[in-house]
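Single-structure report; data block below.
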Amino acid sequence: MAQYSQARFDVSFAALSDPVRRGVLEQLMRADASVTVLAERFRMTLTGMRKHLGVLEEAKLVTTEKVGRVRSCRLGPRRLEEEAEWIENYRQLWAARFDALDTVIDELKRKEKRDGRKK
Amino acid sequence: MVARSESEPAALGNRTTSERKSDRVLVIRRTFDAPARLVFEAWTTPALFRQWWVPKSSGASLLSCQQDVRVGGSYRLEFAHPKAETPMAFFGRYLEVVPDSRLVWTNEESDDGAVTTVTFEEKDGRTLLVMSELYPSKRAFDIAMEGMDEAMPETFEQLDEFLAGRAVGAQRS
């Protein structure tokens, strides 16, 4: 984690700022796909899809490989692991806290019901 | 997917979500089935705060908790963890305090700590809590992520187990 470069982090977030590119990544998480299939799925021209894939490749989120006439796309080595993992861990910490907070609040509600509202 | 993810639905359908809003801001959201004044009370009363701030599964325990909840007032939390040789302290000052509605505080245990804003928005007897952490720079955010990643992996493993195996109400204090 500590070794990743600042520049690469920047490129990743720029790559993820676009809904089509996020959609492409979700698609590729399920299965590899050709440029043509991706273009059709997102209702884009081949040129438009190639542009998006170029940004994702730059960020190392996707790799493409030409097999015969078909350019096949799959998730790149970088994936989303570093950022996503950290954010998910942090979210889980807060989810656990808030579940415990629910318990505290339920107790407050019960107490209020029993004693009547102060103030 | 990346920037936003959600937990398993809780018993009442209240989920904690996270979203990286920009390279300096992380936002956590959660709805509570209670009026804002109760959520605020649980957040600002030390005796209540200590019942929920440290997930039992984390293995950590809260040694002390001081909160002087008023503008300019300070807070200090000290934790012990079996894997840490010395207690860890988290501290800072309250920049804004609006009862039942808004809290803003600094995190001063590290240089370049975030400023945390929590808002409590009540609607139809339920409260949406939005917590936003603003780092002074993108680099500061990245450093915070690295630091936590190195410091907390075991904690999160335990947390994972806790979340996976937790029975409703089992973590009552």
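Residue numbering restarts at 1 in every chain; chains get A, B, ... in the order shown in the structure tokens, and ligands count up from 1 in that same order.
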(request) Assign secondary structure with DSSP using the backbone only, and return the residues of chain A in alpha helix (DSSP H) as a ChimeraX atom specification. (result) /A:6-15,19-30,35-41,46-58,81-115
(message) Distance cut-off 6 Å, counting only C-alpha atoms - which residues of chain A neighbour chain B? Return them as a list in words.
(response) Ala2, Ala84, Arg91, Ala95, Arg97, Ala100 and Leu101 of chain A
With N, CA and C atoms retained, write the just-selected residues as an mmCIF file, in the first residue's frame.
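Written output follows (again_13.cif):
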data_model
loop_
_atom_site.group_PDB
_atom_site.id
_atom_site.type_symbol
_atom_site.label_atom_id
_atom_site.label_comp_id
_atom_site.auth_asym_id
_atom_site.auth_seq_id
_atom_site.Cartn_x
_atom_site.Cartn_y
_atom_site.Cartn_z
ATOM 1 N N ALA A 2 1.861 1.243 0.841
ATOM 2 C CA ALA A 2 2.667 2.454 0.996
ATOM 3 C C ALA A 2 3.481 2.756 -0.252
ATOM 4 N N ALA A 84 -10.207 0.800 -2.898
ATOM 5 C CA ALA A 84 -11.495 0.214 -2.543
ATOM 6 C C ALA A 84 -11.407 -0.536 -1.219
ATOM 7 N N ARG A 91 -15.426 1.767 6.079
ATOM 8 C CA ARG A 91 -16.884 1.718 6.142
ATOM 9 C C ARG A 91 -17.343 0.664 7.150
ATOM 10 N N ALA A 95 -19.749 1.003 10.214
ATOM 11 C CA ALA A 95 -20.981 0.213 10.258
ATOM 12 C C ALA A 95 -21.096 -0.472 11.623
ATOM 13 N N ARG A 97 -19.669 0.502 14.431
ATOM 14 C CA ARG A 97 -19.949 1.541 15.435
ATOM 15 C C ARG A 97 -21.420 1.923 15.428
ATOM 16 N N ALA A 100 -23.757 -0.465 17.001
ATOM 17 C CA ALA A 100 -23.710 -0.342 18.461
ATOM 18 C C ALA A 100 -24.434 0.929 18.907
ATOM 19 N N LEU A 101 -24.315 1.972 18.108
ATOM 20 C CA LEU A 101 -25.008 3.225 18.427
ATOM 21 C C LEU A 101 -26.529 3.022 18.407
#
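Residues in contact with segment 39-49 of chain A at 9 Å, where only C-alpha atoms are counted and same-chain residues fewer than 5 positions away are skipped, are listed as Val20, Gly23, Val24, Ser34 and Gly54 of chain A.
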(message) Between atom CA of Val97 of chain B and atom CA of Val130 of chain B, what is the distance in Å, rounded to a tenth?
(response)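 Here the two named atoms are 15.0 Å from each other.
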(request) Output as a PyMOL selection string all residues of segment 2-147 of chain B that backbone DSSP marks as strand (DSSP E). (result) chain B and resi 4-6+17-20+25-32+61-67+74-80+88-98+102-106+115-123+126-134
(message) Can you measure atom CA of Ile87 of chain A to atom CA of Met29 of chain A for me? One decimal in Å is fine.
(response)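 According to the coordinates, atom CA of Ile87 of chain A and atom CA of Met29 of chain A are separated by 18.6 Å.
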